[in-house]
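To start, the structure under review is shown below, and the notes come after it.
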Amino acid sequence: MQLSSLRLRRRLLPWMFALPAVATMAFGLLYPVAESFRLSFYELKLGEAVSPEAFRGLALFAEVLADSAARQSMLVTLHFAFVVVALEMVLGVGIALALEKPIRGMSAFRSIFVLPMMIAPICVGLIWRYMFDTNAGPINAWLEPFGVKPAWLADPGLAFLAICVTDIWQFTPFVFIMALAGLQGLDRSTLEAAHLDGVSGWQMIRHIKLPLIAPILAITILMRLIDALRGLEVVYAMTNGGPGLSTELFSLHIYKSAFVTQRMGHSAALSVCLLIATMVLSAALLAFANPIRRGR
Amino acid sequence: MAARNAPADLLRYAGVTLMAGLVLLPLAVMGSTSLKTQADTFGSGFSFFVSPTLDNYRTVLEGRFLGYLGNSIVVGVGSTAITLILGTMCAYALSRFRFAGRTSIAMGSLLLRTVPPAVLAVPVYFIWNGWGIGDGLGGLILVYVALNLPFTIWLLYGFIEQVPGELEEAAAVDGCGPFRLLFTIIVPLLKPGLAAAAIFTFRIAWNELVLASVLTDRTTRTMPYAIYLFITDVGVEWGKLMAAGILLALPPLIFTLVAARQIVTGLTAGAVKG
Amino acid sequence: MRISRRHSLKAAGAAATMLAAPGIVRAQGTLWSKLRGQTIVVNLPSHPHYAVAKQIIPEFTAATGIKVEIDEMQYLRLKDAQVLQMGKPKGDYDVIVYVIMWKTEYVQRKFLVELEPMFGNADLAMPDYDRGDIIKAYYEGLGLVGGPRGYLPGPGAKLYGIPYGAECSVLAYRKDLFAKHDLKPPVTYDDLIAAARTIKTREPGIGGLAQRAQAGHQVTAGWLIHLTPYDGQVIDDKFEPRVADPAAIKATEVYKELIDTGPAGGAAFDFGQMMNSFLQGQSAIYCDSISVFGPARNPASSKVVDTVGYTVHPKAVKHSGELGGFGMAIPRNSQRQEAAFAFIQWMTAKAQDVKVTAKGGQPTRLSTLDNADVRKIYPVDVYRECLKIANPDWRPIIAEWTEISEKVLGIGLSDVITGKAQIAPTMADAATKIRAILDRAGYYKSRG
């Protein structure tokens, strides 16, 4: 009797620790996600209650899949994610390799590099909207001596470039910090051994350093990819997705469907598509590096 | 390691300085613009130095802005505190016990980490209003805690794993209960991890816009949404916008400068130690 | 008893009522006395008209004892906030300011209180509130829902809102630049297009016509300005899309031409940037809402105070101007509907309308246009001409309009003006998409 109650307590104990967090995630995250799946079967206006008459089965998914705007927005998002992540990786890792050797005052610089990613995205969007403003913005003022006055946010190509520049400004330092941490954590004796074997310069980077920090770089890439798929506020403040759909990231597309045209079910169907896309990526994230699963 | 090489070091300094300059430039533009009059922001050409005025800040601080600042503080601090407590407990359970459901929690929370806020906006508005928490700070805190728990658990798990088990065993022998054990023995050893987790949670809770826009009303609005609504039609009032932006960005910026080490730890801990 | 009071007030004479005579205040004192001490929440846009209107709200509180809390936001954000609040069992707002294009959708979703019964309630209605004096096009265009096509005046139409900050279109031009290049104020679209081109080629750094063009709502609104003058329409009487018809194609070509000869960066302007471009001297012509009148006179917002001339919206195939702007309405889930109704009446009454217009706001009433003070600062004669051509069917205000405007035309037109897409195929594609939206909403069912 005594023993079994003790055993029960021991069984319950981990759950007493885990339950509050698990319950919060279940109610605050899992349930809404599940609700999203359910709502995607109904044609409802925002604020309307679910009713059997509004049931449309898979019709909303069919609409999303056939919708050229949704497809274009997904392409814009993937294009954006690919461009910014690739450039941020090249720049961030490149700079980290160049600045790898510890220098005095680096920690002060590091504080500065962290700043952009701590600022509210809506704020970042506003700053860069002003930077790129055709008439009032500083960038065009600095370009004036060269006799050019690009209409940054009014041209599809330039607007896309502008949102990429903004993201690169905000997150290259993040990649830099991750890569630097990886490089400085490398086992010195390995590097010394390679050095004694006559490996140096580009060879050293290409065949020793990069492979050794590959796991960190993989995680960095995936974190950035997931973030790039999530973002909407910066673009919202800068271009509102325009011109046309040239900067309409998928999250913004979902937001507009829900709050501009107020089609709750349609936005839920779009959400499910985005969730599937991010889930595929996060499955990759798990495959690369899941510290919890690896534990003991 | 290698002998100090002065020209190379100089080059390095030039490199970091250039990079820091590029990072700071837009922030400097924001600060300078926030001190300009409406007429100056439209003047042809851009100049950092104009006769500065605090008028923009005065206008921004009129009305409800201080109330919204208060809301943001409540939501930021509340979400952070709750996330840390729940996250520490859960990470501890995952690290120290083998129990049914452990793997599901670990996998599930990692998957949930990727849910975009835009996806949550509609269902959360729908459900929260059904529960009657659709326009209070409590509802907003709930969703922010839920959003931040996965990363916090992930991060703290790594730190708890590094705490040797012998400490607890000794304490348990002394008759210390499991909860007291966690909060008096383990938590003090997690300070760097907790600091990092706190900053990241606070960052989301302070900056998030979409969920804040659907879960608040006129009195419970947080700063990002208030600023978003502040974008007016009466011409683009860049000065006022930038002043509002500065007020929004200032707390995280101060945090960052004070606790950059912890942020870097937090960023890299999962990856490097994992 | 009540009738006699109404009579005595009428006898007091129009002149006295116009100046907010103490008599009205006293009448309101008894009229709305039980509402004293209540607090209402008004959701209004940060827009030039409401910026002025806000200034007299303390007088309303002083006169009635009803406190007013203002929740102000950018005008395109109003809808998000309003729908989120009106979708709840108990809403936060007692008075909402809506843009004309949302009226049918709001009424269809049963968000708004019908106003006729409240006007019929002698305990609530101001005895001397003269509805006949409200500019008819505004009263019908903003207030009535449920008539022909769902939004036009006629059988079935009911009153859901009162226009306030309503507007039609006017053409504003820089007199100095026009004189310099020997240009006449444009009467026809050909004049307008030629003038814009002249300015663009001869005045470095200055564009012709400032237009709205940001993707979404703004680009659709900018295009609509030119659509009906060319006798085009978005949908016809049978709700069939007409955006790919020759008239609409022509209007689109004109819109693009005017973007090309417009100010730098003009293909992404929202409303504020458009007006600002004209007021800061970066564009020579403006053809949009009459809400430019106030800011154009104000040296704080305008560098061209003394050089602006006005004329009516030019004619292409026909004269047809915008009819739009804001109205005030009461949400069904408001807990203070009576006080809200008092507020709406007081703000739109004659005396207040004069006061706000004289400060730079937009007139709602015919009598305001006759006021001597208003005439001194307001281009009343041009305004009357503009009102004559304001077209209530300028834009189809069906419940699905937002979706058509933002997701179909707002994208396609943006692609057209930035040169990313050709006009004819884009408009044909838009017609298909519009038809799909209306089909989903059930517009074609009755005809099998």
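Chain labels follow the order of the structure tokens: the first chain is A, the next B, and so on; residue numbering restarts at 1 in every chain, and ligands are counted from 1 in their shown order.
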Pick out each residue of region 39-283 of chain C that DSSP on the backbone tags as helix (DSSP H, G or I); I need them as an MDAnalysis selection string. chainID C and resid 48:64 75:86 100:108 116:119 131:133 136:143 148:150 175:180 189:202 217:230 246:260 266:268 271:279
Could you take the residues named above and write them with C-alpha atoms, as a CSV table (one decimal), in the first residue's frame?
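Output file result30.csv follows:
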```
chain,number,residue,atom,x,y,z
C,48,PRO,CA,-7.9,66.3,-41.7
C,49,HIS,CA,-11.7,66.7,-41.2
C,50,TYR,CA,-11.8,64.8,-37.9
C,51,ALA,CA,-8.6,66.5,-36.7
C,52,VAL,CA,-10.7,69.7,-36.7
C,53,ALA,CA,-14.0,68.1,-35.5
C,54,LYS,CA,-12.2,66.8,-32.5
C,55,GLN,CA,-11.6,70.3,-31.3
C,56,ILE,CA,-15.3,71.0,-30.6
C,57,ILE,CA,-16.0,67.8,-28.8
C,58,PRO,CA,-15.3,69.4,-25.4
C,59,GLU,CA,-18.2,71.8,-26.2
C,60,PHE,CA,-20.5,68.8,-26.6
C,61,THR,CA,-19.5,67.5,-23.2
C,62,ALA,CA,-20.0,71.0,-21.7
C,63,ALA,CA,-23.5,71.3,-23.3
C,64,THR,CA,-24.8,67.8,-22.5
C,75,TYR,CA,-8.6,55.5,-41.6
C,76,LEU,CA,-7.8,52.2,-43.3
C,77,ARG,CA,-7.3,50.7,-39.8
C,78,LEU,CA,-10.7,51.6,-38.7
C,79,LYS,CA,-12.3,48.6,-40.3
C,80,ASP,CA,-10.1,46.0,-38.6
C,81,ALA,CA,-10.7,47.6,-35.2
C,82,GLN,CA,-14.4,48.1,-35.8
C,83,VAL,CA,-15.1,44.6,-37.0
C,84,LEU,CA,-13.1,43.1,-34.2
C,85,GLN,CA,-15.2,45.0,-31.7
C,86,MET,CA,-18.5,44.7,-33.4
C,100,ILE,CA,-18.6,54.8,-47.4
C,101,MET,CA,-17.5,51.6,-49.0
C,102,TRP,CA,-18.1,49.6,-45.8
C,103,LYS,CA,-21.7,50.6,-45.3
C,104,THR,CA,-23.4,47.7,-47.1
C,105,GLU,CA,-21.1,45.1,-45.6
C,106,TYR,CA,-21.7,46.4,-42.1
C,107,VAL,CA,-25.5,46.4,-42.5
C,108,GLN,CA,-25.5,43.0,-44.1
C,116,GLU,CA,-35.0,56.2,-38.4
C,117,PRO,CA,-36.7,54.8,-35.2
C,118,MET,CA,-34.3,56.9,-33.1
C,119,PHE,CA,-35.3,60.0,-35.1
C,131,ARG,CA,-32.2,66.4,-42.1
C,132,GLY,CA,-33.4,68.1,-45.3
C,133,ASP,CA,-30.5,70.5,-45.1
C,136,LYS,CA,-28.6,65.2,-50.4
C,137,ALA,CA,-25.9,63.2,-52.3
C,138,TYR,CA,-24.1,62.7,-49.0
C,139,TYR,CA,-27.2,61.8,-47.0
C,140,GLU,CA,-28.2,59.2,-49.5
C,141,GLY,CA,-24.7,58.0,-50.4
C,142,LEU,CA,-23.4,57.5,-46.9
C,143,GLY,CA,-26.6,57.0,-44.9
C,148,PRO,CA,-31.5,49.4,-55.5
C,149,ARG,CA,-28.3,47.4,-56.0
C,150,GLY,CA,-28.1,47.3,-52.2
C,175,LYS,CA,-1.8,78.6,-60.6
C,176,ASP,CA,1.9,79.8,-60.7
C,177,LEU,CA,3.1,76.8,-62.7
C,178,PHE,CA,0.1,76.8,-65.0
C,179,ALA,CA,0.6,80.5,-65.7
C,180,LYS,CA,4.3,80.0,-66.3
C,189,TYR,CA,-9.3,64.9,-69.7
C,190,ASP,CA,-7.4,65.7,-72.8
C,191,ASP,CA,-6.5,69.1,-71.2
C,192,LEU,CA,-5.5,67.3,-68.0
C,193,ILE,CA,-3.3,64.7,-69.7
C,194,ALA,CA,-1.6,67.4,-71.8
C,195,ALA,CA,-1.0,69.7,-68.8
C,196,ALA,CA,0.5,66.8,-66.8
C,197,ARG,CA,2.8,66.0,-69.6
C,198,THR,CA,3.9,69.6,-70.1
C,199,ILE,CA,4.7,70.0,-66.4
C,200,LYS,CA,6.6,66.7,-66.3
C,201,THR,CA,8.8,67.6,-69.3
C,202,ARG,CA,9.3,71.3,-68.5
C,217,HIS,CA,-7.3,49.9,-51.7
C,218,GLN,CA,-5.4,53.0,-52.8
C,219,VAL,CA,-4.6,52.0,-56.3
C,220,THR,CA,-8.2,51.0,-56.9
C,221,ALA,CA,-9.4,54.3,-55.6
C,222,GLY,CA,-6.9,56.2,-57.8
C,223,TRP,CA,-8.1,54.3,-60.9
C,224,LEU,CA,-11.8,54.8,-60.0
C,225,ILE,CA,-11.3,58.5,-60.2
C,226,HIS,CA,-11.0,58.1,-64.0
C,227,LEU,CA,-13.3,55.2,-64.6
C,228,THR,CA,-16.7,56.8,-64.6
C,229,PRO,CA,-15.7,59.9,-66.5
C,230,TYR,CA,-14.9,57.5,-69.3
C,246,PRO,CA,-13.3,49.2,-73.8
C,247,ALA,CA,-14.3,52.1,-71.5
C,248,ALA,CA,-12.5,50.6,-68.5
C,249,ILE,CA,-9.5,49.8,-70.6
C,250,LYS,CA,-9.3,53.4,-71.8
C,251,ALA,CA,-9.6,54.7,-68.2
C,252,THR,CA,-6.8,52.3,-67.2
C,253,GLU,CA,-4.6,53.6,-70.0
C,254,VAL,CA,-5.2,57.2,-68.9
C,255,TYR,CA,-4.5,56.3,-65.2
C,256,LYS,CA,-1.2,54.7,-66.2
C,257,GLU,CA,-0.3,57.6,-68.5
C,258,LEU,CA,-0.9,60.0,-65.6
C,259,ILE,CA,1.2,57.9,-63.3
C,260,ASP,CA,4.0,58.0,-65.8
C,266,GLY,CA,4.1,58.1,-57.3
C,267,ALA,CA,3.3,54.5,-58.2
C,268,ALA,CA,3.3,53.7,-54.4
C,271,PHE,CA,-3.6,59.0,-49.7
C,272,GLY,CA,-1.4,61.0,-47.3
C,273,GLN,CA,1.6,60.8,-49.6
C,274,MET,CA,-0.5,61.9,-52.6
C,275,MET,CA,-1.8,65.0,-50.9
C,276,ASN,CA,1.6,65.7,-49.4
C,277,SER,CA,3.2,65.5,-52.8
C,278,PHE,CA,0.9,68.3,-54.0
C,279,LEU,CA,1.1,70.4,-50.9
```
Compile the contact shell of region 203-205 of chain A as a ChimeraX atom specification: residues with an atom at most 12 Å away, counting only C-alpha atoms, same-chain residues fewer than 3 positions apart removed. /A:93-94,96-98,100,183,190-200,208-214
Please report as a ChimeraX atom specification which residues of chain B come no farther than 6 Å from chain A, using only C-alpha atoms. /B:42,45-46,86,89-90,93,116,118-119,123-124,143,146,207,245,249,257,260,268,271,274
Now that the selection is made, can you save its residues with N, CA and C atoms as an mmCIF file, in the first residue's frame?
```
data_model
loop_
_atom_site.group_PDB
_atom_site.id
_atom_site.type_symbol
_atom_site.label_atom_id
_atom_site.label_comp_id
_atom_site.auth_asym_id
_atom_site.auth_seq_id
_atom_site.Cartn_x
_atom_site.Cartn_y
_atom_site.Cartn_z
ATOM 1 N N PHE B 42 10.621 67.172 -44.688
ATOM 2 C CA PHE B 42 10.270 67.218 -46.100
ATOM 3 C C PHE B 42 11.245 68.046 -46.919
ATOM 4 N N GLY B 45 16.788 66.843 -49.631
ATOM 5 C CA GLY B 45 18.056 66.423 -49.065
ATOM 6 C C GLY B 45 17.870 65.988 -47.631
ATOM 7 N N PHE B 46 18.810 65.143 -47.167
ATOM 8 C CA PHE B 46 18.712 64.664 -45.809
ATOM 9 C C PHE B 46 19.921 65.142 -45.050
ATOM 10 N N LEU B 86 7.265 28.409 -15.632
ATOM 11 C CA LEU B 86 6.735 27.183 -16.232
ATOM 12 C C LEU B 86 7.803 26.471 -17.051
ATOM 13 N N MET B 89 10.375 24.587 -14.856
ATOM 14 C CA MET B 89 9.825 23.351 -14.305
ATOM 15 C C MET B 89 9.754 22.263 -15.360
ATOM 16 N N CYS B 90 9.291 22.638 -16.541
ATOM 17 C CA CYS B 90 9.121 21.632 -17.583
ATOM 18 C C CYS B 90 10.480 21.119 -18.059
ATOM 19 N N ALA B 93 11.784 18.662 -15.602
ATOM 20 C CA ALA B 93 11.144 17.354 -15.729
ATOM 21 C C ALA B 93 11.730 16.581 -16.903
ATOM 22 N N PRO B 116 3.734 30.225 -36.836
ATOM 23 C CA PRO B 116 3.785 31.673 -37.062
ATOM 24 C C PRO B 116 2.626 32.375 -36.344
ATOM 25 N N ALA B 118 0.916 34.807 -37.275
ATOM 26 C CA ALA B 118 -0.176 35.132 -38.197
ATOM 27 C C ALA B 118 -1.181 33.989 -38.270
ATOM 28 N N VAL B 119 -0.685 32.757 -38.122
ATOM 29 C CA VAL B 119 -1.568 31.603 -38.160
ATOM 30 C C VAL B 119 -2.474 31.587 -36.931
ATOM 31 N N PRO B 123 -7.752 31.946 -35.098
ATOM 32 C CA PRO B 123 -8.333 31.045 -34.098
ATOM 33 C C PRO B 123 -8.271 31.610 -32.685
ATOM 34 N N VAL B 124 -7.216 32.329 -32.373
ATOM 35 C CA VAL B 124 -7.102 32.864 -31.022
ATOM 36 C C VAL B 124 -8.184 33.922 -30.758
ATOM 37 N N VAL B 143 -1.245 33.812 -24.567
ATOM 38 C CA VAL B 143 -0.752 33.373 -25.870
ATOM 39 C C VAL B 143 0.755 33.642 -25.994
ATOM 40 N N ALA B 146 2.510 30.838 -24.140
ATOM 41 C CA ALA B 146 2.469 29.616 -24.937
ATOM 42 C C ALA B 146 3.461 29.683 -26.088
ATOM 43 N N ASN B 207 7.446 43.279 -28.598
ATOM 44 C CA ASN B 207 7.449 43.717 -29.993
ATOM 45 C C ASN B 207 6.286 43.213 -30.829
ATOM 46 N N GLY B 245 8.721 55.389 -32.632
ATOM 47 C CA GLY B 245 9.587 54.235 -32.828
ATOM 48 C C GLY B 245 10.711 54.195 -31.802
ATOM 49 N N ALA B 249 11.541 51.315 -29.202
ATOM 50 C CA ALA B 249 12.790 50.562 -29.333
ATOM 51 C C ALA B 249 13.704 50.729 -28.127
ATOM 52 N N LEU B 257 22.150 46.461 -24.575
ATOM 53 C CA LEU B 257 23.463 46.965 -24.234
ATOM 54 C C LEU B 257 23.897 46.465 -22.864
ATOM 55 N N ALA B 260 24.111 42.109 -23.362
ATOM 56 C CA ALA B 260 24.468 41.505 -24.644
ATOM 57 C C ALA B 260 25.086 40.129 -24.465
ATOM 58 N N THR B 268 23.520 31.224 -28.844
ATOM 59 C CA THR B 268 24.444 30.194 -29.272
ATOM 60 C C THR B 268 24.345 28.931 -28.434
ATOM 61 N N ALA B 271 22.687 25.858 -29.995
ATOM 62 C CA ALA B 271 23.415 25.330 -31.130
ATOM 63 C C ALA B 271 24.770 24.757 -30.723
ATOM 64 N N GLY B 274 24.461 22.022 -27.840
ATOM 65 C CA GLY B 274 23.556 20.922 -28.160
ATOM 66 C C GLY B 274 24.341 19.746 -28.656
#
```
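Separating CA of Leu144 (chain C) from CA of Lys158 (chain C) is a distance of 5.1 Å.
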Each residue of chain A lying at most 8 Å from chain C should get a row with its shortest atom-to-atom pair and the distance in Å to one decimal, counting only C-alpha atoms; could you produce that, ordered by chain and increasing number, as a tab-separated table?
```
residue	atom	partner	partner_atom	distance
A:Leu46	CA	C:Gly87	CA	7.4
A:Gly47	CA	C:Gly87	CA	4.7
A:Glu48	CA	C:Gly87	CA	7.3
A:Thr134	CA	C:Gly265	CA	5.5
A:Asn135	CA	C:Ala264	CA	7.5
A:Lys149	CA	C:Ala264	CA	7.9
A:Pro150	CA	C:Gly265	CA	7.7
A:Ala151	CA	C:Gly265	CA	4.4
A:Trp152	CA	C:Gly265	CA	7.3
A:Leu153	CA	C:Ala268	CA	6.4
A:Ala154	CA	C:Ala268	CA	4.5
A:Asp155	CA	C:Thr418	CA	6.0
A:Pro156	CA	C:Thr418	CA	7.0
A:Asn240	CA	C:Ala215	CA	7.3
A:Gly241	CA	C:Ala215	CA	7.3
A:Gly242	CA	C:Ala215	CA	4.9
A:Pro243	CA	C:Ala215	CA	5.2
A:Gly244	CA	C:Ile411	CA	4.4
A:Leu245	CA	C:Ile411	CA	6.3
A:Phe259	CA	C:Asp80	CA	5.9
A:Val260	CA	C:Asp80	CA	7.0
A:Thr261	CA	C:Glu403	CA	5.2
```
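Within 8 Å of Leu35 (chain B), once only C-alpha atoms are used and residues closer than 2 positions along the same chain are dropped, the contacting residues are Gly31, Ser32, Thr33, Thr37, Pro52, Thr53, Leu54, Asp55, Asn56, Gly239 and Ala243 of chain B.
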Given a cut-off of 12 Å, which residues of chain B touch chain C, counting only C-alpha atoms, written out as an MDAnalysis selection string? chainID B and resid 37:44 63:65 121:122 125:135 210 212:221 225:238
Could you write those residues out with C-alpha atoms, as a short mmCIF file (atom, residue, chain, number, x, y, z; two decimals), in the first residue's frame?
```cif
data_model
loop_
_atom_site.label_atom_id
_atom_site.label_comp_id
_atom_site.auth_asym_id
_atom_site.auth_seq_id
_atom_site.Cartn_x
_atom_site.Cartn_y
_atom_site.Cartn_z
CA THR B 37 10.04 69.38 -37.38
CA GLN B 38 7.56 68.29 -40.01
CA ALA B 39 8.90 70.90 -42.41
CA ASP B 40 12.49 69.70 -41.96
CA THR B 41 11.63 66.09 -42.76
CA PHE B 42 10.27 67.22 -46.10
CA GLY B 43 13.11 69.51 -46.95
CA SER B 44 14.99 68.37 -50.01
CA GLY B 63 -3.16 61.01 -24.99
CA ARG B 64 -3.03 57.40 -24.02
CA PHE B 65 0.53 56.66 -24.88
CA ALA B 121 -4.46 35.34 -34.98
CA VAL B 122 -7.79 34.09 -36.30
CA TYR B 125 -9.52 35.75 -31.60
CA PHE B 126 -12.28 33.21 -32.09
CA ILE B 127 -11.49 31.06 -29.04
CA TRP B 128 -10.45 33.81 -26.63
CA ASN B 129 -13.67 35.73 -27.22
CA GLY B 130 -15.58 32.53 -26.52
CA TRP B 131 -13.74 32.27 -23.24
CA GLY B 132 -14.34 35.92 -22.45
CA ILE B 133 -10.64 36.86 -22.41
CA GLY B 134 -10.68 38.43 -25.85
CA ASP B 135 -9.70 41.96 -24.90
CA VAL B 210 -0.49 40.85 -34.96
CA ALA B 212 -1.76 42.28 -29.93
CA SER B 213 -3.98 43.85 -32.56
CA VAL B 214 -6.73 41.24 -32.27
CA LEU B 215 -6.62 40.62 -28.53
CA THR B 216 -6.73 44.15 -27.16
CA ASP B 217 -9.15 47.02 -27.10
CA ARG B 218 -8.78 50.76 -26.67
CA THR B 219 -7.58 50.50 -23.09
CA THR B 220 -5.48 47.34 -23.23
CA ARG B 221 -3.49 48.07 -26.38
CA TYR B 225 -0.18 48.28 -32.09
CA ALA B 226 -0.56 51.80 -30.75
CA ILE B 227 2.28 52.91 -33.00
CA TYR B 228 0.85 51.04 -35.92
CA LEU B 229 -2.43 52.91 -35.49
CA PHE B 230 -0.47 56.12 -35.16
CA ILE B 231 0.48 56.13 -38.83
CA THR B 232 -1.76 58.93 -40.00
CA ASP B 233 -3.29 60.19 -43.21
CA VAL B 234 -2.41 63.81 -42.64
CA GLY B 235 0.72 63.46 -44.72
CA VAL B 236 3.37 61.07 -43.50
CA GLU B 237 4.49 62.54 -40.21
CA TRP B 238 7.93 61.02 -40.19
#
```
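Here CA of Pro26 (chain B) stands at a distance of 25.9 Å from CA of Thr265 (chain B).
Residues in contact with Ser73 (chain A) at 9 Å, where only C-alpha atoms are counted and same-chain residues fewer than 2 positions away are skipped, are listed as A:Ser68, A:Ala69, A:Ala70, A:Arg71, A:Leu75, A:Val76, A:Thr77, A:Leu78, A:Leu245, A:Ser246, A:Thr247, A:Glu248, A:Leu249, A:Phe250, A:Leu252, A:His253.
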Write the selection just made, keeping N, CA and C atoms, as a PDB file, in the first residue's frame?
```pdb
ATOM      1  N   SER A  68      -4.085  32.008 -58.027  1.00  0.00           N
ATOM      2  CA  SER A  68      -2.768  32.448 -58.495  1.00  0.00           C
ATOM      3  C   SER A  68      -2.122  33.408 -57.499  1.00  0.00           C
ATOM      4  N   ALA A  69      -2.923  34.179 -56.778  1.00  0.00           N
ATOM      5  CA  ALA A  69      -2.346  35.129 -55.814  1.00  0.00           C
ATOM      6  C   ALA A  69      -1.669  34.384 -54.669  1.00  0.00           C
ATOM      7  N   ALA A  70      -2.338  33.329 -54.165  1.00  0.00           N
ATOM      8  CA  ALA A  70      -1.737  32.551 -53.074  1.00  0.00           C
ATOM      9  C   ALA A  70      -0.437  31.912 -53.559  1.00  0.00           C
ATOM     10  N   ARG A  71      -0.465  31.412 -54.790  1.00  0.00           N
ATOM     11  CA  ARG A  71       0.729  30.766 -55.331  1.00  0.00           C
ATOM     12  C   ARG A  71       1.857  31.790 -55.473  1.00  0.00           C
ATOM     13  N   LEU A  75       5.502  31.913 -53.711  1.00  0.00           N
ATOM     14  CA  LEU A  75       6.756  32.016 -54.462  1.00  0.00           C
ATOM     15  C   LEU A  75       7.581  33.203 -53.984  1.00  0.00           C
ATOM     16  N   VAL A  76       6.900  34.327 -53.762  1.00  0.00           N
ATOM     17  CA  VAL A  76       7.603  35.506 -53.244  1.00  0.00           C
ATOM     18  C   VAL A  76       8.275  35.161 -51.918  1.00  0.00           C
ATOM     19  N   THR A  77       7.533  34.457 -51.069  1.00  0.00           N
ATOM     20  CA  THR A  77       8.058  34.114 -49.747  1.00  0.00           C
ATOM     21  C   THR A  77       9.287  33.217 -49.859  1.00  0.00           C
ATOM     22  N   LEU A  78       9.199  32.192 -50.714  1.00  0.00           N
ATOM     23  CA  LEU A  78      10.330  31.273 -50.858  1.00  0.00           C
ATOM     24  C   LEU A  78      11.528  31.988 -51.479  1.00  0.00           C
ATOM     25  N   LEU A 245       1.909  42.092 -56.075  1.00  0.00           N
ATOM     26  CA  LEU A 245       2.145  41.143 -54.992  1.00  0.00           C
ATOM     27  C   LEU A 245       3.643  40.960 -54.781  1.00  0.00           C
ATOM     28  N   SER A 246       4.438  41.921 -55.276  1.00  0.00           N
ATOM     29  CA  SER A 246       5.874  41.663 -55.369  1.00  0.00           C
ATOM     30  C   SER A 246       6.546  41.512 -54.010  1.00  0.00           C
ATOM     31  N   THR A 247       5.955  42.004 -52.923  1.00  0.00           N
ATOM     32  CA  THR A 247       6.555  41.794 -51.602  1.00  0.00           C
ATOM     33  C   THR A 247       5.551  41.187 -50.629  1.00  0.00           C
ATOM     34  N   GLU A 248       4.536  40.510 -51.155  1.00  0.00           N
ATOM     35  CA  GLU A 248       3.493  39.967 -50.287  1.00  0.00           C
ATOM     36  C   GLU A 248       3.940  38.622 -49.702  1.00  0.00           C
ATOM     37  N   LEU A 249       4.563  38.667 -48.542  1.00  0.00           N
ATOM     38  CA  LEU A 249       4.969  37.430 -47.875  1.00  0.00           C
ATOM     39  C   LEU A 249       3.729  36.670 -47.419  1.00  0.00           C
ATOM     40  N   PHE A 250       3.870  35.376 -47.282  1.00  0.00           N
ATOM     41  CA  PHE A 250       2.689  34.541 -47.062  1.00  0.00           C
ATOM     42  C   PHE A 250       1.960  34.879 -45.765  1.00  0.00           C
ATOM     43  N   LEU A 252       1.684  37.743 -44.442  1.00  0.00           N
ATOM     44  CA  LEU A 252       0.910  38.950 -44.722  1.00  0.00           C
ATOM     45  C   LEU A 252      -0.343  38.593 -45.525  1.00  0.00           C
ATOM     46  N   HIS A 253      -0.176  37.665 -46.443  1.00  0.00           N
ATOM     47  CA  HIS A 253      -1.308  37.203 -47.241  1.00  0.00           C
ATOM     48  C   HIS A 253      -2.393  36.620 -46.325  1.00  0.00           C
TER      49      HIS A 253
END
```
Would you list, as a ChimeraX atom specification, the residues of region 109-258 of chain C that end up in strand (DSSP E) under DSSP run on this structure's backbone? /C:144-145,158-159,162-174,207-210
From CA of Val68 (chain C) to CA of Met223 (chain B) the spacing works out at 22.8 Å
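For Ile377 (chain C), the list of residues within 10 Å, based on only C-alpha atoms and with local chain neighbours fewer than 5 positions off taken out, reads Phe293, Gly294, Arg297, Thr357, Ala358, Lys359, Gly360 and Ala372 of chain C.
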Per residue of region 31-87 of chain B within 8 Å of region 150-170 of chain B, which atom pair is closest and at what distance in Å (one decimal), using only C-alpha atoms, listed by chain and increasing number, as JSON lines?
```
{"residue": "B:Thr83", "atom": "CA", "partner": "B:Thr152", "partner_atom": "CA", "distance": 7.4}
{"residue": "B:Leu84", "atom": "CA", "partner": "B:Thr152", "partner_atom": "CA", "distance": 7.2}
{"residue": "B:Gly87", "atom": "CA", "partner": "B:Ile153", "partner_atom": "CA", "distance": 5.1}
```
So which residues touch Tyr383 (chain C) within 12 Å, counting only C-alpha atoms, skipping near sequence neighbours fewer than 4 positions away, as a PyMOL selection string? chain C and resi 135+167-172+289-293+310-313+321+362-364+366+368-370+374-375+378-379+387-390
When you look at Trp206 (chain B) with a cut-off of 9 Å (counting only C-alpha atoms), what residues show up, excluding the ones that are within fewer than 3 positions of it in the same chain? I need them as a ChimeraX atom specification. /A:120 /B:72-73,75-77,201-203,209,222-224,248,252
